[in-house]
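Participant: Take a look at the following structure, please.
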Number of protein chains: 4
Amino acid sequence: MSTNTFGRMFTVTTWGESHGPALGATVDGCPPNVPLEAEMLQHWLDRRKPGQNKFTTQRQEPDQVEILSGVFEGKTTGMPIQLMIRNTDQRSKDYSDIMEKFRPGHADITYWQKYGIRDYRGGGRSSARETAARVAAGGVARAVLQSLAPDLKITGYMVQMGPHRIDRDRMDMDQIAANPFWVPDANAAQIWEAYLGELRKSGNSVGAVVEVMAAGVPAGLGAPVYGKLDTDIATAMMSINAVKAVEIGAGMAAAELTGEDNADEIFMGNDGQPTYSSNHAGGILGGISTGQDVVCRFAVKPTSSILKPRQTITKSGENTEIITKGRHDPCVGIRAVPVGEAMLACVLLDHILLHRGQVGENQGRIG
Amino acid sequence: MSTNTFGRMFTVTTWGESHGPALGATVDGCPPNVPLEAEMLQHWLDRRKPGQNKFTTQRQEPDQVEILSGVFEGKTTGMPIQLMIRNTDQRSKDYSDIMEKFRPGHADITYWQKYGIRDYRGGGRSSARETAARVAAGGVARAVLQSLAPDLKITGYMVQMGPHRIDRDRMDMDQIAANPFWVPDANAAQIWEAYLGELRKSGNSVGAVVEVMAAGVPAGLGAPVYGKLDTDIATAMMSINAVKAVEIGAGMAAAELTGEDNADEIFMGNDGQPTYSSNHAGGILGGISTGQDVVCRFAVKPTSSILKPRQTITKSGENTEIITKGRHDPCVGIRAVPVGEAMLACVLLDHILLHRGQVGENQGRIG
Amino acid sequence: MSTNTFGRMFTVTTWGESHGPALGATVDGCPPNVPLEAEMLQHWLDRRKPGQNKFTTQRQEPDQVEILSGVFEGKTTGMPIQLMIRNTDQRSKDYSDIMEKFRPGHADITYWQKYGIRDYRGGGRSSARETAARVAAGGVARAVLQSLAPDLKITGYMVQMGPHRIDRDRMDMDQIAANPFWVPDANAAQIWEAYLGELRKSGNSVGAVVEVMAAGVPAGLGAPVYGKLDTDIATAMMSINAVKAVEIGAGMAAAELTGEDNADEIFMGNDGQPTYSSNHAGGILGGISTGQDVVCRFAVKPTSSILKPRQTITKSGENTEIITKGRHDPCVGIRAVPVGEAMLACVLLDHILLHRGQVGENQGRIG
Amino acid sequence: MSTNTFGRMFTVTTWGESHGPALGATVDGCPPNVPLEAEMLQHWLDRRKPGQNKFTTQRQEPDQVEILSGVFEGKTTGMPIQLMIRNTDQRSKDYSDIMEKFRPGHADITYWQKYGIRDYRGGGRSSARETAARVAAGGVARAVLQSLAPDLKITGYMVQMGPHRIDRDRMDMDQIAANPFWVPDANAAQIWEAYLGELRKSGNSVGAVVEVMAAGVPAGLGAPVYGKLDTDIATAMMSINAVKAVEIGAGMAAAELTGEDNADEIFMGNDGQPTYSSNHAGGILGGISTGQDVVCRFAVKPTSSILKPRQTITKSGENTEIITKGRHDPCVGIRAVPVGEAMLACVLLDHILLHRGQVGENQGRIG
């Protein structure tokens with residue numbers, strides 16, 4: 001019942017603060033005999049790493065992950081896997097300002113109100129650095145998925161930054177890695193670059209929408225009611241810092257559809273598997289995967305740390321003003337892309353194990 | 001780890017199928033000595049009851065709830081509370097059609113693919129009747145909230161039906177109970193009535209957006225990372241049948257905001273409590289309540305059971321066509337309003353108990 | 001986190017009080033497509049039923065179980081199975097005595113101290129009637145075990161009543177059903193009959209030790225550290241009313257053994273499977289099953305309701321005396337036998353599902 | 001649902017292997033603002049430390065604990081507390097023998113059969129070194145208990161070694177720290193010293209019984225049925241390596257008592273609190289604490305690593321013989337004393353938090 005744990009059978013408990021000695025994830029329930037090396041996790045962490053271009057925080061963290069347990073001679077043993085990332089860039093800094101003042105849009109005031117104590121250095125536990133631990137844990141999940149569902153492929157990308165949406169007709173997945181925004185639209189990348197550059201210079205920030213999809217998901221993952229696959233995806237994505245909304249398939253737009261338009265009609269495919277006329281459902285019906293692409297999106301609010309002065313109060317209850325200096329991202333949505341992928345990997349693996357546990361290999365056959 | 005259980009400390013496990021003998025909820029972790037009578041739960045169930053007007057299914061279910069345990073001499077005892085609703089309107093019906101054919105947009109095909117067996121009568125476990133159990137359980141939560149947080153008030157209403165949104169400048173909470181749509185806008189009610197009447201006659205259906213807000217929520221509810229208050233709200237709402245998206249505060253629109261616009265500035269109020277210039281956060285910062293109104297929204301897809309013929313396949317793998325006859329709602333979003341309220345009641349109570357457990361009465365004081 | 005739930009993947013939540021309208025169990029995580037009828041559960045309930053001879057309470061409860069959900073056309077569907085037993089023998093009775101006085105050895109005083117309210121009728125939630133729900137749930141587990149581990153056989157029996165232990169050299173499993181004590185020793189049955197008859201007449205009661213063993217348990221069930229198979233068995237057995245101790249294999253006697261004597265030496269059997277020189281381990285090493293018989297024992301304290309006057313206090317804090325009249329068992333250990341079997345069935349099934357979920361079908365081979 | 005996690009609200013997840021880089025515990029749900037320093041945990045670890053006298057393993061581990069998260073400026077923050085102990089004494093050693101052969105009484109064979117892989121170095125995850133993490137976590141629990149229940153005092157000691165039991169008439173708690181056995185009986189200490197010295201020289205080992213009691217436990221801790229305080233204690237103790245039995249209060253001896261003898265009669269004490277004529281219940285009635293001393297005992301089997309040759313098999317299925325050389329304890333029961341104390345501290349704190357969460361400060365008053 002830990003509020004720092006995620007997952008049912010494949011569980012991830014993250015720990016650590018932004019400026020403490022280290023942070024990490026305790027991963028449990030991992031199947032044994034899966035090849036796993038720190039380098040495999042590092043690959044995913046490096047994608048998330050800050051300081052790679054001018055659009056992400058200039059904090060220079062190597063984010064080097066160590067595997068402290070649960071792996072023996074390059075393979076998982078089925079025991080808990082402890083992943084640790086040392087915090088190396090804890091530069092001594094003057095925190096007197098945020099020690100007394102609550103930064104608007106940050107967790108400063110609520111942590112204080114709840115606990116009566118908070119590690120104010122760099123946001124402490126509420127820092128986006130916590131997501132490094134998720135990416136590392138997601139790397140474990142991906143390693144297992146490679147064994148259990150080799151056709152499964154997870155891809156995350158940005159589809160909106162501020163007022164600018166991608167043009168879905170131009171979507172080209174090969175573009176994702178070719179720009180600093182993980183955006184599958186070369187044209188959008190250009191527009192965003194100019195737009196975000198301007199915002200950054202003015203000390204402002206902006207929100208974004210990230211889409212994550214998984215192809216090759218077997219039909220039958222999920223469970224009715226509270227353990228729905230889409231519910232667990234929503235749980236996963238909403239738990240990411242700064243996320244304010246989660247959509248599955250058509251998402252909010254489903255409200256505007258009629259039943260006639262929304263119904264994804266079903267046909268028998270040439271491969272003897274069901275195929276669908278469309279995918280408004282986002283690959284999930286009644287909480288259980290259909291075998292279509294699983295598609296979700298989430299909205300990330302603009303970075304709250306900006307150079308514009310904002311009104312706030314102090315711990316002692318006085319009105320004041322604050323400017324949040326420091327190394328920050330003008331659009332945290334960018335760095336949320338690898339995090340969303342990692343979370344989806346964890347959810348899908350969890351449901352593969354749950355399905356295998358409750359149902360085994362048997363499934364209802366069609367035809 | 002039951003996939004039919006919701007909640008951490010105040011837990012709700014629903015059970016039952018649409019056309020079995022009964023359905024209900026096992027509610028556990030309820031504080032003792034709280035006044036509770038079946039009539040109090042019936043009050044909320046009656047609000048959700050189908051067949052009240054032409055816009056909801058004509059299935060005539062009294063939905064009479066019985067308390068089988070956990071209450072003694074009109075008070076909760078701290079023991080599990082078993083809530084049972086008998087299914088009385090199980091009219092014998094010809095199910096041969098849906099027994100073999102999978103209705104598009106329904107869980108028919110995925111339940112079959114996952115379990116290799118399904119109770120096809122009226123959707124079985126995936127029927128929206130399951131939400132009656134949630135409303136009953138939410139009634140228990142409300143009874144406890146009345147003791148523990150008497151100022152807390154939860155209100156749900158529709159803000160969009162198909163393409164028609166309410167005009168927020170016209171919002172009048174007194175209108176909610178005055179129309180069949182729970183819409184706080186008399187003008188919208190009129191437009192929606194004509195619009196939905198037309199759709200219903202044509203055998204079609206439409207989606208909707210429901211907003212649920214809670215006023216009087218104490219600051220300090222929630223927890224960092226995976227037990228965030230907003231995460232648990234997203235979990236709760238996304239688990240409701242037909243929901244495809246969940247928003248907190250500004251929701252998807254947060255993507256379009258700049259940091260400057262999004263920051264809810266903080267001031268000291270005249271009552272010695274913090275007050276905010278706006279509520280883009282939806283009453284939650286860093287996963288913990290601020291004391292502002294908690295605001296969430298969810299999109300409900302259009303009813304999948306429509307009178308329009310749709311393409312589908314049979315269990316034996318043949319292409320065919322289906323028309324879903326029967327008693328159905330042209331807009332299930334309407335009946336989702338009391339369900340959303342019930343879920344929010346459960347989440348808030350759960351976090352009140354969790355906070356009291358971990359932190360006790362102490363909180364950080366401001367001023 | 002419900003304190004009324006038992007199990008990890010195959011979960012059982014019991015609910016209900018002795019003199020409320022009904023009691024039962026919500027069983028979740030059950031594999032689909034397993035044949036299940038109420039009669040199969042009734043078979044096990046009838047074994048536990050009171051009033052079958054003069055050594056068990058004369059309360060006449062038919063203990064008729066109804067399956068309210070999760071079964072369709074005689075097979076489990078993978079959905080929650082709600083099992084309900086109506087309380088029919090709620091004879092109106094004068095409870096004024098135990099309403100004010102706390103019966104020594106009963107939960108009366110602690111329930112009051114904890115909750116400030118208690119259903120005093122027949123012990124309410126702390127009544128041994130709760131174990132009927134366990135036996136019904138255990139029946140579900142056994143039905144599934146029959147599919148998943150057809151060679152697995154669970155047998156419970158008494159090995160001690162008061163000062164009288166069975167003679168292990170005389171053990172004859174066929175005797176278990178041939179006497180009112182489930183004792184596998186005809187000689188002991190005779191001695192116990194005389195002994196318990198005497199005690200019963202004098203209004204006294206006595207404790208007992210029950211042993212439950214499972215043959216045909218596959219090697220590899222369990223998990224290291226907190227999810228050990230023996231830990232989960234201890235949890236299961238200690239949760240049964242009146243149980244004060246649980247032993248695995250050699251149990252308390254392990255304290256007296258030397259390492260040389262305790263080591264169960266390993267040999268290759270003729271069937272190509274490991275075989276052991278002895279079974280001090282009770283079939284479990286490092287928390288994981290070896291394939292040997294799993295053997296546990298638990299001590300049941302004497303029935304606290306006796307006709308001897310005992311000193312106690314009232315709710316208002318006055319010293320007084322109490323005699324607990326009514327229909328009671330002189331040795332509740334007898335009726336604990338089917339309960340212990342049911343609990344072991346639940347634990348073993350739970351671990352079969354967990355193993356299948358985490359590890360799948362693969363196991364380390366020897367030879 | 002992690003099988004490496006213990007606790008409901010105050011949760012402890014241990015991780016790590018005997019010869020990996022480190023091991024530790026992730027502690028979550030800890031109340032905020034509790035003074036905590038690594039030195040406070042080190043105090044308890046030092047009590048458990050091996051190599052302190054000739055009766056415990058000569059492995060020289062400083063067992064230095066580091067707090068990596070959840071503590072800020074000497075106080076807990078309510079965030080997860082990561083405790084790490086580096087493994088420093090990983091002397092390079094020839095493991096070829098136990099790599100291929102399964103040591104009788106050890107988890108070697110079952111880990112292999114379950115997972116198909118095992119870290120054989122020093123027992124890997126099944127090593128008693130895992131209990132160091134428990135002791136550290138128990139230190140956190142004790143620090144919190146000091147704030148929440150300052151009168152609560154936990155004391156563990158040995159009451160039996162092999163055939164030698166303590167004389168309860170001679171019990172003197174001041175003796176516990178005065179001998180290498182934690183035995184509260186100076187006479188027993190002398191006898192045991194001679195007895196164990198002999199056994200050690202002969203390369204043999206022996207079992208033991210440890211008793212742990214808590215004085216000053218508030219009435220009202222625990223919950224009915226599956227969350228009983230005694231159930232959670234049994235779970236805690238049975239999860240410790242080498243434990244084969246757990247007793248509460250009278251324990252196995254309850255089987256021999258009559259109802260008349262077993263009933264702890266209740267009186268009003270001079271302090272206005274209930275008092276009891278005896279404590280067969282071990283301070284727990286119906287799963288809930290009475291306010292009397294909570295008393296439990298557990299049996300520890302003899303160390304399986306002995307210098308006597310034993311029969312076993314190899315991974316490839318051949319019969320062979322093994323002698324387990326190395327640095328080992330002739331009676332692991334000795335080092336189990338601080339572990340049992342730590343586990344009881346965790347269970348009691350967990351139930352204090354649970355009680356506060358569900359029930360709050362109110363309790364039923366007597367008088």
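Residue numbering restarts at 1 for every chain of the structure tokens, chains are lettered A, B, ... in their displayed order, and ligands are numbered from 1 as they appear.
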For a quick test of understanding: name the residues of chain B lying within 9 Å of chain C when counting only C-alpha atoms, and present them as a PyMOL selection string.

Facilitator: chain B and resi 1-4+7-11+13-17+20-23+26+28-29+31-33+67-73+75-82+115-119+125

Participant: Excluding segment 323-339 of chain D and its own-chain neighbours fewer than 2 positions away, which residues fall within 7 Å of it when counting only C-alpha atoms? Please give them as a PyMOL selection string.

Facilitator: chain D and resi 47-48+55-59+131+134-135+156-157+181+200+204-210+300+302-303+305-310+341-343

Participant: Please determine, counting only C-alpha atoms, which residue among A:Leu221, A:Leu148, A:Val183, A:Leu196 has the shortest atom-to-atom distance to Val34 of chain A.

Facilitator: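 Nearest candidate to Val34 of chain A out of A:Leu221, A:Leu148, A:Val183, A:Leu196: A:Leu148.
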
Participant: Using atom CA of Trp182 of chain C and atom CA of Arg165 of chain C as the two end points, give the distance in Å to one decimal.

Facilitator: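 Answer for the atom CA of Trp182 of chain C to atom CA of Arg165 of chain C separation: 13.1 Å.
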
Participant: Using the chain letters and numbers from this document, which residues of segment 48-175 of chain A does DSSP assign to alpha helix (DSSP H), as number ranges by chain?

Facilitator: A: 48, 96-100, 108-115, 130-148

Participant: What would the file look like if the residues just selected were written as an mmCIF file, in the first residue's frame with N, CA and C atoms?

Facilitator:
data_model
loop_
_atom_site.group_PDB
_atom_site.id
_atom_site.type_symbol
_atom_site.label_atom_id
_atom_site.label_comp_id
_atom_site.auth_asym_id
_atom_site.auth_seq_id
_atom_site.Cartn_x
_atom_site.Cartn_y
_atom_site.Cartn_z
ATOM 1 N N ARG A 48 16.824 10.317 -21.815
ATOM 2 C CA ARG A 48 16.102 11.265 -20.973
ATOM 3 C C ARG A 48 17.013 12.360 -20.415
ATOM 4 N N SER A 96 18.130 29.925 0.437
ATOM 5 C CA SER A 96 17.387 30.683 1.451
ATOM 6 C C SER A 96 16.077 31.211 0.893
ATOM 7 N N ASP A 97 16.053 31.491 -0.398
ATOM 8 C CA ASP A 97 14.853 32.052 -0.983
ATOM 9 C C ASP A 97 13.699 31.042 -0.967
ATOM 10 N N ILE A 98 13.910 29.869 -1.577
ATOM 11 C CA ILE A 98 12.810 28.900 -1.662
ATOM 12 C C ILE A 98 12.606 28.152 -0.345
ATOM 13 N N MET A 99 13.535 28.327 0.582
ATOM 14 C CA MET A 99 13.353 27.713 1.896
ATOM 15 C C MET A 99 12.173 28.368 2.616
ATOM 16 N N GLU A 100 12.038 29.656 2.398
ATOM 17 C CA GLU A 100 10.978 30.393 3.103
ATOM 18 C C GLU A 100 9.757 30.669 2.241
ATOM 19 N N ASP A 108 5.788 22.921 -3.206
ATOM 20 C CA ASP A 108 6.362 23.475 -1.973
ATOM 21 C C ASP A 108 5.321 23.653 -0.872
ATOM 22 N N ILE A 109 4.239 24.323 -1.218
ATOM 23 C CA ILE A 109 3.252 24.673 -0.191
ATOM 24 C C ILE A 109 2.503 23.446 0.315
ATOM 25 N N THR A 110 2.179 22.528 -0.588
ATOM 26 C CA THR A 110 1.387 21.375 -0.145
ATOM 27 C C THR A 110 2.222 20.384 0.662
ATOM 28 N N TYR A 111 3.471 20.181 0.273
ATOM 29 C CA TYR A 111 4.336 19.316 1.088
ATOM 30 C C TYR A 111 4.443 19.898 2.501
ATOM 31 N N TRP A 112 4.599 21.200 2.554
ATOM 32 C CA TRP A 112 4.710 21.829 3.869
ATOM 33 C C TRP A 112 3.420 21.649 4.664
ATOM 34 N N GLN A 113 2.297 21.899 4.004
ATOM 35 C CA GLN A 113 1.014 21.795 4.702
ATOM 36 C C GLN A 113 0.738 20.368 5.169
ATOM 37 N N LYS A 114 1.144 19.406 4.341
ATOM 38 C CA LYS A 114 0.890 18.018 4.711
ATOM 39 C C LYS A 114 1.840 17.528 5.792
ATOM 40 N N TYR A 115 3.135 17.688 5.536
ATOM 41 C CA TYR A 115 4.118 17.020 6.388
ATOM 42 C C TYR A 115 4.727 17.902 7.463
ATOM 43 N N GLU A 130 12.994 12.477 -10.110
ATOM 44 C CA GLU A 130 12.413 11.177 -9.744
ATOM 45 C C GLU A 130 12.129 10.332 -10.978
ATOM 46 N N THR A 131 11.851 11.006 -12.095
ATOM 47 C CA THR A 131 11.497 10.248 -13.299
ATOM 48 C C THR A 131 12.680 9.475 -13.874
ATOM 49 N N ALA A 132 13.900 9.833 -13.481
ATOM 50 C CA ALA A 132 15.057 9.034 -13.925
ATOM 51 C C ALA A 132 14.906 7.602 -13.421
ATOM 52 N N ALA A 133 14.425 7.469 -12.196
ATOM 53 C CA ALA A 133 14.237 6.132 -11.629
ATOM 54 C C ALA A 133 13.187 5.351 -12.414
ATOM 55 N N ARG A 134 12.161 6.054 -12.896
ATOM 56 C CA ARG A 134 11.134 5.381 -13.700
ATOM 57 C C ARG A 134 11.718 4.885 -15.024
ATOM 58 N N VAL A 135 12.568 5.723 -15.612
ATOM 59 C CA VAL A 135 13.148 5.330 -16.896
ATOM 60 C C VAL A 135 14.031 4.095 -16.710
ATOM 61 N N ALA A 136 14.781 4.072 -15.623
ATOM 62 C CA ALA A 136 15.621 2.901 -15.353
ATOM 63 C C ALA A 136 14.753 1.661 -15.158
ATOM 64 N N ALA A 137 13.680 1.791 -14.367
ATOM 65 C CA ALA A 137 12.786 0.660 -14.124
ATOM 66 C C ALA A 137 12.104 0.230 -15.418
ATOM 67 N N GLY A 138 11.739 1.216 -16.217
ATOM 68 C CA GLY A 138 11.148 0.894 -17.511
ATOM 69 C C GLY A 138 12.120 0.116 -18.392
ATOM 70 N N GLY A 139 13.405 0.374 -18.220
ATOM 71 C CA GLY A 139 14.403 -0.381 -18.970
ATOM 72 C C GLY A 139 14.398 -1.852 -18.577
ATOM 73 N N VAL A 140 14.164 -2.118 -17.289
ATOM 74 C CA VAL A 140 14.029 -3.514 -16.853
ATOM 75 C C VAL A 140 12.799 -4.134 -17.520
ATOM 76 N N ALA A 141 11.705 -3.394 -17.499
ATOM 77 C CA ALA A 141 10.473 -3.912 -18.107
ATOM 78 C C ALA A 141 10.692 -4.221 -19.591
ATOM 79 N N ARG A 142 11.387 -3.336 -20.274
ATOM 80 C CA ARG A 142 11.622 -3.561 -21.703
ATOM 81 C C ARG A 142 12.462 -4.803 -21.945
ATOM 82 N N ALA A 143 13.446 -5.018 -21.073
ATOM 83 C CA ALA A 143 14.287 -6.206 -21.239
ATOM 84 C C ALA A 143 13.435 -7.464 -21.116
ATOM 85 N N VAL A 144 12.484 -7.452 -20.182
ATOM 86 C CA VAL A 144 11.625 -8.626 -20.008
ATOM 87 C C VAL A 144 10.656 -8.749 -21.176
ATOM 88 N N LEU A 145 10.109 -7.621 -21.622
ATOM 89 C CA LEU A 145 9.175 -7.661 -22.753
ATOM 90 C C LEU A 145 9.845 -8.258 -23.988
ATOM 91 N N GLN A 146 11.122 -7.963 -24.125
ATOM 92 C CA GLN A 146 11.846 -8.512 -25.281
ATOM 93 C C GLN A 146 11.813 -10.047 -25.276
ATOM 94 N N SER A 147 11.809 -10.618 -24.063
ATOM 95 C CA SER A 147 11.710 -12.076 -23.968
ATOM 96 C C SER A 147 10.269 -12.554 -24.153
ATOM 97 N N LEU A 148 9.329 -11.873 -23.494
ATOM 98 C CA LEU A 148 7.964 -12.397 -23.418
ATOM 99 C C LEU A 148 7.064 -11.958 -24.560
#

Participant: Using DSSP on the backbone, list every residue of segment 9-134 of chain B that comes out as strand (DSSP E), and give them as a list of chain:residue names.

Facilitator: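 DSSP on the backbone gives strand (DSSP E) at B:Thr11, B:Val12, B:Thr13, B:Thr14, B:Trp15, B:Gly16, B:Ala22, B:Leu23, B:Gly24, B:Ala25, B:Thr26, B:Val27, B:Asp28, B:Val65, B:Glu66, B:Ile67, B:Val71, B:Phe72, B:Lys75, B:Thr76, B:Ile81, B:Gln82, B:Leu83, B:Met84, B:Ile85, B:Arg86.
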
Participant: Which value, in Å to one decimal, gives the distance between atom CA of Ile240 of chain D and atom CA of Glu321 of chain D?

Facilitator: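 Value for the atom CA of Ile240 of chain D-atom CA of Glu321 of chain D distance: 27.9 Å.
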
Participant: Grab the atom CA of Gly317 of chain A to atom CA of Ile352 of chain B distance for me, in Å with one decimal place.

Facilitator: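 Computing it gives 24.9 Å between the two atoms.
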
Participant: Let me make sure I understand: among D:Ile248, D:Ala107, D:Leu45, D:Met40, which one has the smallest atom-to-atom distance to Cys296 of chain D if we use only C-alpha atoms?

Facilitator: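 Looking only at the distances to Cys296 of chain D, the closest residue turns out to be D:Ile248.
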
Participant: What lies within 12 Å of Ser278 of chain C using only C-alpha atoms, ignoring chain neighbours under 4 positions off, as a list in words?

Facilitator: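 The residues that qualify are Gly249, Ala250, Asp261, Asn262, Ala263, Asp264, Glu265, Ile266, Phe267, Gly282, Gly283, Gln292 and Asp293 of chain C; Pro104, Gly105 and Gln311 of chain D.
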